[in-house]
Structures are given as C-alpha cells and as structure tokens.
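Data from upload15.txt: compact mmCIF, C-alpha atoms
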```txt
# COMPACT_ATOMS: atom_id res chain seq x y z
CA MET A 72 31.67 160.19 -101.45
CA GLU A 73 30.73 158.62 -98.11
CA ILE A 74 32.68 155.62 -96.84
CA GLU A 75 29.65 153.36 -97.37
CA ALA A 76 29.60 154.23 -101.07
CA PHE A 77 33.32 153.49 -101.32
CA ILE A 78 32.90 150.14 -99.56
CA ASN A 79 30.04 149.07 -101.83
CA ARG A 80 31.86 150.05 -105.02
CA TYR A 81 35.16 148.49 -103.96
CA ARG A 82 33.52 145.30 -102.71
CA GLN A 83 31.62 144.91 -105.98
CA GLY A 84 34.89 145.24 -107.87
CA LEU A 85 36.62 142.63 -105.72
CA CYS A 86 33.72 140.20 -106.14
CA GLY A 87 34.17 140.45 -109.89
CA LEU A 88 37.73 139.13 -109.55
CA GLN A 89 36.75 135.86 -107.88
CA GLY A 90 37.64 132.77 -109.86
CA MET A 91 39.87 134.64 -112.31
CA PRO A 92 43.39 133.43 -113.16
CA PRO A 93 46.02 135.57 -111.35
CA VAL A 94 46.99 137.58 -114.44
CA ASP A 95 43.37 138.49 -115.21
CA ALA A 96 42.59 139.22 -111.56
CA ARG A 97 45.53 141.63 -111.38
CA ARG A 98 44.35 143.50 -114.46
CA GLY A 99 40.86 143.73 -112.99
CA TYR A 100 42.26 144.92 -109.67
CA GLU A 101 44.25 147.62 -111.43
CA ARG A 102 41.13 148.82 -113.24
CA LEU A 103 39.21 148.89 -109.95
CA CYS A 104 41.85 150.91 -108.12
CA GLN A 105 42.43 153.23 -111.06
CA SER A 106 38.72 154.08 -111.11
CA PHE A 107 39.31 156.08 -107.90
CA GLN A 108 42.48 157.86 -109.06
CA LEU A 109 42.68 161.48 -110.21
CA ASN A 110 46.16 161.33 -111.85
CA SER A 111 47.49 164.78 -111.04
CA ALA A 112 48.93 166.82 -113.91
CA THR A 113 51.47 168.26 -111.48
CA ILE A 114 53.31 164.93 -111.13
CA ALA A 115 55.74 163.49 -113.68
CA ASP A 116 56.55 159.79 -113.90
CA GLU A 117 58.92 157.29 -115.48
CA ALA A 118 58.61 153.51 -115.69
CA THR A 119 62.08 151.98 -115.40
CA THR A 120 64.07 149.38 -113.48
CA ILE A 121 66.29 149.70 -110.42
CA ALA A 122 68.52 146.80 -109.38
CA GLY A 123 66.72 144.74 -112.02
CA VAL A 124 63.31 145.38 -110.45
CA PRO A 125 60.51 147.19 -112.31
CA VAL A 126 59.57 150.48 -110.66
CA THR A 127 57.67 153.66 -111.39
CA ARG A 128 59.37 156.89 -110.36
CA LEU A 129 57.09 159.85 -109.63
CA TRP A 130 58.15 163.39 -108.76
CA PRO A 131 56.76 166.95 -108.63
CA ARG A 132 56.74 168.22 -112.22
CA ASP A 133 57.78 171.72 -111.17
CA GLY A 134 60.29 170.70 -108.51
CA PRO A 135 63.73 169.13 -108.30
CA ARG A 136 63.57 165.43 -109.11
CA GLN A 137 65.74 164.17 -106.27
CA GLY A 138 66.55 167.37 -104.44
CA GLY A 139 64.85 166.24 -101.26
CA GLY A 140 65.84 162.59 -101.50
CA VAL A 141 63.85 159.55 -102.59
CA VAL A 142 61.01 157.75 -100.79
CA VAL A 143 60.67 154.03 -101.56
CA TYR A 144 57.07 152.77 -101.59
CA ALA A 145 55.77 149.17 -101.49
CA HIS A 146 52.12 148.72 -102.50
CA GLY A 147 49.48 146.53 -100.90
CA GLY A 148 47.38 143.76 -102.41
CA GLY A 149 47.79 140.73 -100.14
CA TRP A 150 51.12 139.77 -101.79
CA THR A 151 49.12 138.39 -104.75
CA LEU A 152 47.68 141.56 -106.34
CA GLY A 153 48.77 145.15 -106.82
CA SER A 154 51.31 147.14 -108.79
CA SER A 155 52.65 150.65 -109.19
CA ARG A 156 49.64 151.19 -111.48
CA SER A 157 46.96 150.02 -109.04
CA HIS A 158 48.51 152.09 -106.24
CA ARG A 159 49.53 155.12 -108.26
CA GLY A 160 47.03 157.22 -106.32
CA VAL A 161 48.81 156.43 -103.05
CA ALA A 162 52.22 157.15 -104.58
CA GLU A 163 50.97 160.48 -105.98
CA ALA A 164 49.56 161.41 -102.58
CA LEU A 165 52.99 160.76 -101.05
CA VAL A 166 54.69 162.93 -103.68
CA GLN A 167 52.27 165.77 -102.95
CA ALA A 168 52.46 165.46 -99.16
CA LEU A 169 56.23 165.04 -98.87
CA SER A 170 57.37 167.06 -101.93
CA ARG A 171 59.85 164.32 -102.80
CA GLU A 172 60.36 161.74 -105.49
CA VAL A 173 58.64 158.42 -104.79
CA VAL A 174 59.89 155.12 -106.20
CA SER A 175 56.99 152.66 -106.35
CA VAL A 176 58.26 149.07 -106.44
CA ASP A 177 56.68 146.39 -108.65
CA TYR A 178 57.90 143.49 -106.52
CA ARG A 179 57.20 139.90 -107.53
CA LEU A 180 53.86 138.41 -106.48
CA LEU A 181 52.52 135.10 -105.21
CA PRO A 182 51.74 132.42 -106.26
CA GLU A 183 54.27 132.57 -109.11
CA SER A 184 56.95 133.86 -106.73
CA SER A 185 57.53 133.70 -102.98
CA TYR A 186 57.49 136.20 -100.14
CA SER A 187 61.29 135.93 -100.11
CA ASP A 188 61.36 137.03 -103.76
CA ALA A 189 59.14 140.02 -103.01
CA LEU A 190 61.31 140.98 -100.04
CA SER A 191 64.46 140.64 -102.16
CA ASP A 192 62.99 143.03 -104.73
CA VAL A 193 62.11 145.65 -102.12
CA LEU A 194 65.54 145.32 -100.49
CA GLY A 195 67.31 145.62 -103.84
CA VAL A 196 65.53 148.86 -104.75
CA TRP A 197 65.94 150.20 -101.21
CA GLN A 198 69.69 149.63 -101.15
CA ALA A 199 70.15 151.11 -104.63
CA CYS A 200 68.16 154.25 -103.79
CA ASP A 201 69.39 154.97 -100.23
CA PRO A 202 65.98 156.51 -99.47
CA VAL A 203 65.17 159.24 -96.96
CA ALA A 204 62.09 157.18 -95.98
CA ALA A 205 60.33 153.93 -96.82
CA VAL A 206 56.55 153.60 -96.92
CA GLY A 207 54.39 150.50 -97.33
CA ASP A 208 50.70 149.78 -97.07
CA SER A 209 49.06 146.55 -95.95
CA ALA A 210 51.11 143.67 -97.43
CA GLY A 211 53.66 146.25 -98.57
CA GLY A 212 53.85 147.54 -95.01
CA ARG A 213 55.00 144.11 -93.88
CA LEU A 214 57.60 144.02 -96.65
CA VAL A 215 58.92 147.41 -95.54
CA LEU A 216 59.07 146.25 -91.91
CA ASP A 217 60.96 143.08 -92.83
CA ALA A 218 63.31 144.92 -95.19
CA ALA A 219 64.07 147.48 -92.46
CA ALA A 220 64.63 144.76 -89.86
CA THR A 221 66.97 142.92 -92.23
CA LEU A 222 69.03 146.05 -92.82
CA ALA A 223 69.09 146.94 -89.12
CA ARG A 224 70.32 143.45 -88.25
CA GLU A 225 73.14 143.92 -90.78
CA GLY A 226 74.12 147.19 -89.08
CA ALA A 227 72.86 149.46 -91.87
CA GLY A 228 71.13 152.72 -91.09
CA VAL A 229 67.35 152.65 -91.49
CA PRO A 230 65.48 155.85 -92.41
CA PRO A 231 62.04 156.83 -91.10
CA LEU A 232 59.26 154.36 -91.88
CA GLY A 233 55.65 155.11 -92.83
CA LEU A 234 53.36 152.11 -92.37
CA ILE A 235 49.76 152.14 -93.59
CA TYR A 236 47.54 149.46 -91.99
CA PRO A 237 50.51 147.04 -92.04
CA VAL A 238 50.55 143.33 -91.21
CA VAL A 239 52.57 143.15 -87.98
CA GLY A 240 53.69 140.26 -85.80
CA THR A 241 52.27 136.80 -86.41
CA PRO A 242 48.54 137.08 -87.18
CA GLN A 243 46.43 134.78 -85.00
CA ALA A 244 42.70 134.62 -84.46
CA SER A 245 43.17 135.46 -80.77
CA LEU A 246 45.08 138.67 -81.62
CA LEU A 247 43.10 140.06 -84.53
CA GLY A 248 40.22 142.46 -84.14
CA ALA A 249 36.67 141.96 -85.38
CA ASP A 250 35.74 141.33 -89.00
CA ALA A 251 35.25 144.53 -90.96
CA PRO A 252 34.06 145.54 -94.41
CA LEU A 253 36.59 144.64 -97.15
CA LEU A 254 38.80 142.55 -94.82
CA SER A 255 37.86 139.72 -92.48
CA ARG A 256 39.88 137.77 -89.94
CA ASP A 257 39.69 134.73 -92.22
CA ASP A 258 41.07 136.83 -95.09
CA VAL A 259 44.08 137.83 -93.00
CA LEU A 260 44.76 134.30 -91.78
CA ALA A 261 44.43 132.79 -95.27
CA LEU A 262 46.87 135.30 -96.76
CA TRP A 263 49.28 134.81 -93.86
CA THR A 264 49.24 131.05 -94.40
CA MET A 265 50.53 131.66 -97.94
CA VAL A 266 53.65 133.50 -96.74
CA ALA A 267 54.30 132.40 -93.16
CA ALA A 268 56.95 129.80 -94.02
CA THR A 269 59.19 132.34 -95.77
CA VAL A 270 58.66 135.45 -93.64
CA PRO A 271 61.95 136.14 -91.84
CA ALA A 272 62.02 135.89 -88.05
CA HIS A 273 62.59 139.27 -86.41
CA ASP A 274 61.93 140.56 -82.92
CA GLY A 275 58.62 142.34 -83.44
CA TYR A 276 59.02 144.22 -80.17
CA LEU A 277 62.05 146.12 -81.47
CA PRO A 278 61.35 148.91 -83.97
CA PRO A 279 63.79 148.65 -86.90
CA SER A 280 63.91 152.44 -87.26
CA GLN A 281 64.14 155.30 -84.79
CA HIS A 282 61.19 156.92 -86.57
CA MET A 283 58.04 154.79 -86.90
CA HIS A 284 54.82 156.37 -88.12
CA VAL A 285 51.67 154.32 -88.59
CA LEU A 286 48.27 155.01 -90.17
CA ALA A 287 45.51 152.52 -89.34
CA ALA A 288 41.79 152.26 -89.99
CA GLU A 289 39.18 152.13 -87.23
CA HIS A 290 37.35 149.21 -88.83
CA ASP A 291 40.09 146.73 -89.71
CA PRO A 292 40.94 143.40 -88.01
CA LEU A 293 44.65 144.30 -88.29
CA THR A 294 44.30 147.40 -86.11
CA ALA A 295 44.27 145.52 -82.78
CA MET A 296 47.66 143.99 -83.56
CA ILE A 297 48.95 147.31 -84.87
CA GLU A 298 48.02 149.00 -81.59
CA GLY A 299 49.87 146.28 -79.69
CA ALA A 300 53.00 146.69 -81.81
CA VAL A 301 52.93 150.48 -81.45
CA ALA A 302 52.64 150.12 -77.67
CA GLN A 303 55.74 147.90 -77.65
CA TRP A 304 57.72 150.20 -79.97
CA SER A 305 56.79 153.18 -77.80
CA ARG A 306 58.60 151.61 -74.85
CA THR A 307 61.90 152.05 -76.69
CA SER A 308 63.80 155.21 -77.58
CA ALA A 309 62.18 155.37 -81.03
CA GLN A 310 59.87 158.18 -82.06
CA VAL A 311 56.56 156.45 -82.69
CA SER A 312 53.17 157.76 -83.77
CA LEU A 313 49.84 156.11 -84.53
CA GLU A 314 47.02 157.80 -86.43
CA ILE A 315 43.72 155.91 -86.57
CA ALA A 316 41.37 157.09 -89.30
CA ASN A 317 37.92 157.24 -87.73
CA GLY A 318 35.19 155.40 -89.59
CA MET A 319 37.63 154.12 -92.21
CA VAL A 320 38.29 150.57 -93.42
CA HIS A 321 41.19 148.62 -94.85
CA SER A 322 41.91 149.70 -98.47
CA ALA A 323 40.16 153.05 -97.96
CA LEU A 324 43.31 154.87 -99.05
CA HIS A 325 42.29 154.18 -102.66
CA GLY A 326 39.39 156.55 -102.02
CA LEU A 327 41.56 159.29 -100.48
CA PRO A 328 40.49 162.02 -102.98
CA TRP A 329 36.85 161.39 -102.07
CA LEU A 330 36.96 160.78 -98.29
CA PRO A 331 37.45 163.98 -96.23
CA SER A 332 37.75 162.12 -92.92
CA LEU A 333 40.59 160.03 -94.29
CA GLN A 334 42.27 163.13 -95.72
CA LEU A 335 42.59 164.57 -92.21
CA ALA A 336 44.25 161.43 -90.82
CA TRP A 337 46.46 161.14 -93.92
CA GLY A 338 47.59 164.75 -93.51
CA ARG A 339 48.64 164.18 -89.90
CA PHE A 340 50.41 160.93 -90.77
CA CYS A 341 52.36 162.54 -93.62
CA SER A 342 53.19 165.59 -91.53
CA ARG A 343 54.80 163.45 -88.83
CA LEU A 344 56.65 161.39 -91.41
CA GLY A 345 57.89 164.57 -93.11
CA GLU A 346 59.13 165.97 -89.80
CA SER A 347 61.06 162.77 -89.14
CA ILE A 348 62.60 162.87 -92.62
CA GLU A 349 63.85 166.39 -91.90
CA ALA A 350 65.12 165.43 -88.45
CA ASP A 351 66.82 162.29 -89.72
CA GLY A 352 68.44 164.25 -92.54
CA ASP A 353 69.89 166.71 -90.03
CA GLY A 354 71.47 163.79 -88.19
CA ARG A 355 73.02 162.14 -91.25
```
Give the structure from the file, written as structure tokens.
Amino acid sequence: MEIEAFINRYRQGLCGLQGMPPVDARRGYERLCQSFQLNSATIADEATTIAGVPVTRLWPRDGPRQGGGVVVYAHGGGWTLGSSRSHRGVAEALVQALSREVVSVDYRLLPESSYSDALSDVLGVWQACDPVAAVGDSAGGRLVLDAAATLAREGAGVPPLGLIYPVVGTPQASLLGADAPLLSRDDVLALWTMVAATVPAHDGYLPPSQHMHVLAAEHDPLTAMIEGAVAQWSRTSAQVSLEIANGMVHSALHGLPWLPSLQLAWGRFCSRLGESIEADGDGR
C-alpha cells in the first residue's frame, strides 16, 4: 500500500464519523482502525483492570509475560476517540519490537470526562505497573508527557519515554507547521481548546525523563513544534532522539504493516527506545 492509498481510505473512514454521537463515532473509529490490523497469532492478550482503569495487556505468546518489565501505552484519538481496540495494532507492534508486555490504557475520553480524568487514569496505571518505559501517540503522547512531568515533579523516577507525533507545548497558529492530509492546523487548535483549561502547567523546556525518543511524520502540523521541543530537550543532559518518517502523515502508524517507509522509521525509533530501556534497567 502506498501512503496515498492509506490517506484516502483513512480519510473516507473519518468522514463517515461526522455528525455521529460520541459512542457511535468511537465504534466506527474502532472499525476503521481495525481494518488495517493484522492481529498477530504470536501475541496473547487479556482485558482487565489496573488501579480501577480498563486496560488490555498484550505479551509475546512464547515468551515470559513480565520477564522484561512492562511498557505502559496511551493511545491517540484527539482525547475524544480511541481505545485499546482501535490501537491494538500499535500495541502489538510495540510488543514485537521490544519483546515486552505492553499495557494499553483505556483512559476516559472527552466530552463525558475531562483531560484531568484521562491523565489520572494514565497515572494510576503507570504507578501500579512501575513500567520500564511509557509510550504514547498523538493525544496519548501528551498524556504520557504530562504524567511523566507530574511524577518527576513529585521526585519519582521516570523511565524512558517513547513519543509518537505527540502534542507538545501550547499549540498556537504561529508555531504549528502547514496543514497536512488527515490533520490540519485548525484540527489541532480545536482539539487543544477542548483540553487547554485542564492541562497541567509544566516547563516544556525540561525533559521529564533522561531518555526521550520521538517519532514524527514529515507531513504533520505538529512536527514543527516537536522539532522545537526536541531542540530544547537536547540542550540538557537527557538522551534525546528524533526520527522523522519521510513522506508519512499523522495517524499513519495504523498502516504500519502496509507502509515500508514507515517501518524503517519505526524500527529505528523502537531500537533507540529498547536501548534506553536496557541502559535504564542497568542503572536501577
């Protein structure tokens, strides 16, 4: 599959969700995302709760369930859509790349709940699991950043972070890049308006972990701000890496099994994250 085919198919699916009540839109979004998933037979799973929060645990079927530690994962979806089901493909890809159990968090969504509720869910699972890494994509990337910053401010140790086209800083028209397929500047600003009042204030120039690894897409209005954040983080003592997937767009990770160019960038991103997990484990 070429990226243009992915964009057209994904965009058509998103257009079909317009005007739906939230519950119906979420079901439709899950069906759309699942249409790209392969569902590997080598991965086992269990739907359960941790700290009162629904999660799906996934691990290598032929490997130790928690032998290498747990990775907590927060899905994307603009804080209004998404679940461990819609983003199972991403969680499976993490299991395969890192050879570790992944706990995919079904945090509460807007508009029924608030950003603070979603952050509380991610923090609750994180603290119960004591993960060797935390990964989030898009809206989930911002939740992981804010959860890590909260823990760091409290003096808790923060493991390596993997951030996939995350929302960083305070999105403003003057800071965002150009409109791109599947995500426009107006999209970003509208979603930010929904959560801005309850997003905690942290110093965005200070990385909350000593290991920060970021995967961004070439054609994504968020990438300009991501590059700025990475430049600031790189001026500290933290180990920071940025992988930009050439020709890719926001949400392209759903098409990972079908997009060879993205697979290369994903492999490098996961390799760096895996190296940091090993290094951080040696220092614990």
Which is closer to Leu327 in chain A than all the others in A:Arg82, A:His290, A:Arg102, A:His158, using only C-alpha atoms? A:His158
Set out as a tab-separated table a contact list for range 277-309 of chain A and range 211-228 of chain A with a cut-off of 12 Å, giving each residue of range 277-309 of chain A that qualifies its closest atom pair and distance in Å to one decimal, counting only C-alpha atoms, ordered by chain and rising residue number.
```
residue	atom	partner	partner_atom	distance
A:Leu277	CA	A:Ala220	CA	8.9
A:Pro278	CA	A:Ala220	CA	7.9
A:Pro279	CA	A:Ala220	CA	5.0
A:Ser280	CA	A:Ala219	CA	7.2
A:Gln281	CA	A:Gly228	CA	9.8
A:His282	CA	A:Ala219	CA	11.5
A:Met283	CA	A:Leu216	CA	10.0
A:His284	CA	A:Gly212	CA	11.2
A:Val285	CA	A:Gly212	CA	9.6
A:Leu286	CA	A:Gly212	CA	10.5
A:Ala287	CA	A:Gly212	CA	11.2
A:Leu293	CA	A:Arg213	CA	11.8
A:Ile297	CA	A:Gly212	CA	11.3
A:Ala300	CA	A:Leu216	CA	11.8
```
Pull the neighbourhood of (44.9, 156.5, -86.5) for me: all residues within 8 Å in file coordinates, counting only C-alpha atoms, as a ChimeraX atom specification. /A:285-289,313-317,336
What's the 8 Å shell around range 168-177 of chain A, counting all atoms listed in the file, without same-chain residues fewer than 5 positions away, as a short mmCIF file (atom, residue, chain, number, x, y, z; two decimals) with C-alpha atoms, in the frame of the given file?
```cif
data_model
loop_
_atom_site.label_atom_id
_atom_site.label_comp_id
_atom_site.auth_asym_id
_atom_site.auth_seq_id
_atom_site.Cartn_x
_atom_site.Cartn_y
_atom_site.Cartn_z
CA VAL A 124 63.31 145.38 -110.45
CA PRO A 125 60.51 147.19 -112.31
CA VAL A 126 59.57 150.48 -110.66
CA THR A 127 57.67 153.66 -111.39
CA ARG A 128 59.37 156.89 -110.36
CA LEU A 129 57.09 159.85 -109.63
CA TRP A 130 58.15 163.39 -108.76
CA PRO A 131 56.76 166.95 -108.63
CA ARG A 136 63.57 165.43 -109.11
CA GLN A 137 65.74 164.17 -106.27
CA GLY A 138 66.55 167.37 -104.44
CA GLY A 139 64.85 166.24 -101.26
CA GLY A 140 65.84 162.59 -101.50
CA VAL A 141 63.85 159.55 -102.59
CA VAL A 142 61.01 157.75 -100.79
CA VAL A 143 60.67 154.03 -101.56
CA TYR A 144 57.07 152.77 -101.59
CA ALA A 145 55.77 149.17 -101.49
CA HIS A 146 52.12 148.72 -102.50
CA SER A 154 51.31 147.14 -108.79
CA SER A 155 52.65 150.65 -109.19
CA ALA A 162 52.22 157.15 -104.58
CA ASP A 192 62.99 143.03 -104.73
CA VAL A 193 62.11 145.65 -102.12
CA VAL A 196 65.53 148.86 -104.75
CA GLY A 338 47.59 164.75 -93.51
CA CYS A 341 52.36 162.54 -93.62
CA SER A 342 53.19 165.59 -91.53
CA GLY A 345 57.89 164.57 -93.11
#
```
Find the residue from A:Ile78, A:Cys200, A:Leu330, A:Leu180 that sits nearest to Pro252 in chain A; use only C-alpha atoms when measuring.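 Using only C-alpha atoms, Pro252 in chain A sits closest to A:Ile78.
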For CA of Arg339 in chain A and CA of Tyr100 in chain A, quote the distance in Å rounded to one decimal.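 Computed distance, CA of Arg339 in chain A to CA of Tyr100 in chain A, equals 28.3 Å.
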Dig up all the protein and nucleic acid residues within 9 Å of (58.8, 137.8, -89.6) in the file frame, using all atoms listed in the file, and format them as a PyMOL selection string. chain A and resi 213+216-217+239-241+267+269-275
Dump C-alpha atoms for the selected residues as a JSON list (two decimals), keeping the file's coordinate frame?
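So selection-v5.json came out as:
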```json
[["chain", "number", "residue", "atom", "x", "y", "z"],
["A", 213, "ARG", "CA", 55.00, 144.11, -93.88],
["A", 216, "LEU", "CA", 59.07, 146.25, -91.91],
["A", 217, "ASP", "CA", 60.96, 143.08, -92.83],
["A", 239, "VAL", "CA", 52.57, 143.15, -87.98],
["A", 240, "GLY", "CA", 53.69, 140.26, -85.80],
["A", 241, "THR", "CA", 52.27, 136.80, -86.41],
["A", 267, "ALA", "CA", 54.30, 132.40, -93.16],
["A", 269, "THR", "CA", 59.19, 132.34, -95.77],
["A", 270, "VAL", "CA", 58.66, 135.45, -93.64],
["A", 271, "PRO", "CA", 61.95, 136.14, -91.84],
["A", 272, "ALA", "CA", 62.02, 135.89, -88.05],
["A", 273, "HIS", "CA", 62.59, 139.27, -86.41],
["A", 274, "ASP", "CA", 61.93, 140.56, -82.92],
["A", 275, "GLY", "CA", 58.62, 142.34, -83.44]]
```
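Shortest atom-to-atom contact with Cys86 in chain A among A:Leu253, A:Ala302, A:Trp263, A:Ser111: A:Leu253, counting all atoms listed in the file.
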Could the centre and edge lengths of an axis-aligned box, enclosing all atoms of range 278-290 of chain A in the file with 4 Å extra on each side, be given in Å to one decimal as lines of an AutoDock Vina configuration file?
```
center_x = 50.7
center_y = 152.8
center_z = -87.1
size_x = 34.8
size_y = 16.3
size_z = 14.2
```
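Non-sequential neighbours of Gly147 in chain A (distance at most 6 Å, separation of 4 or more positions within a chain, only C-alpha atoms) are Asp208, Ser209, Ala210 and Gly211 of chain A.
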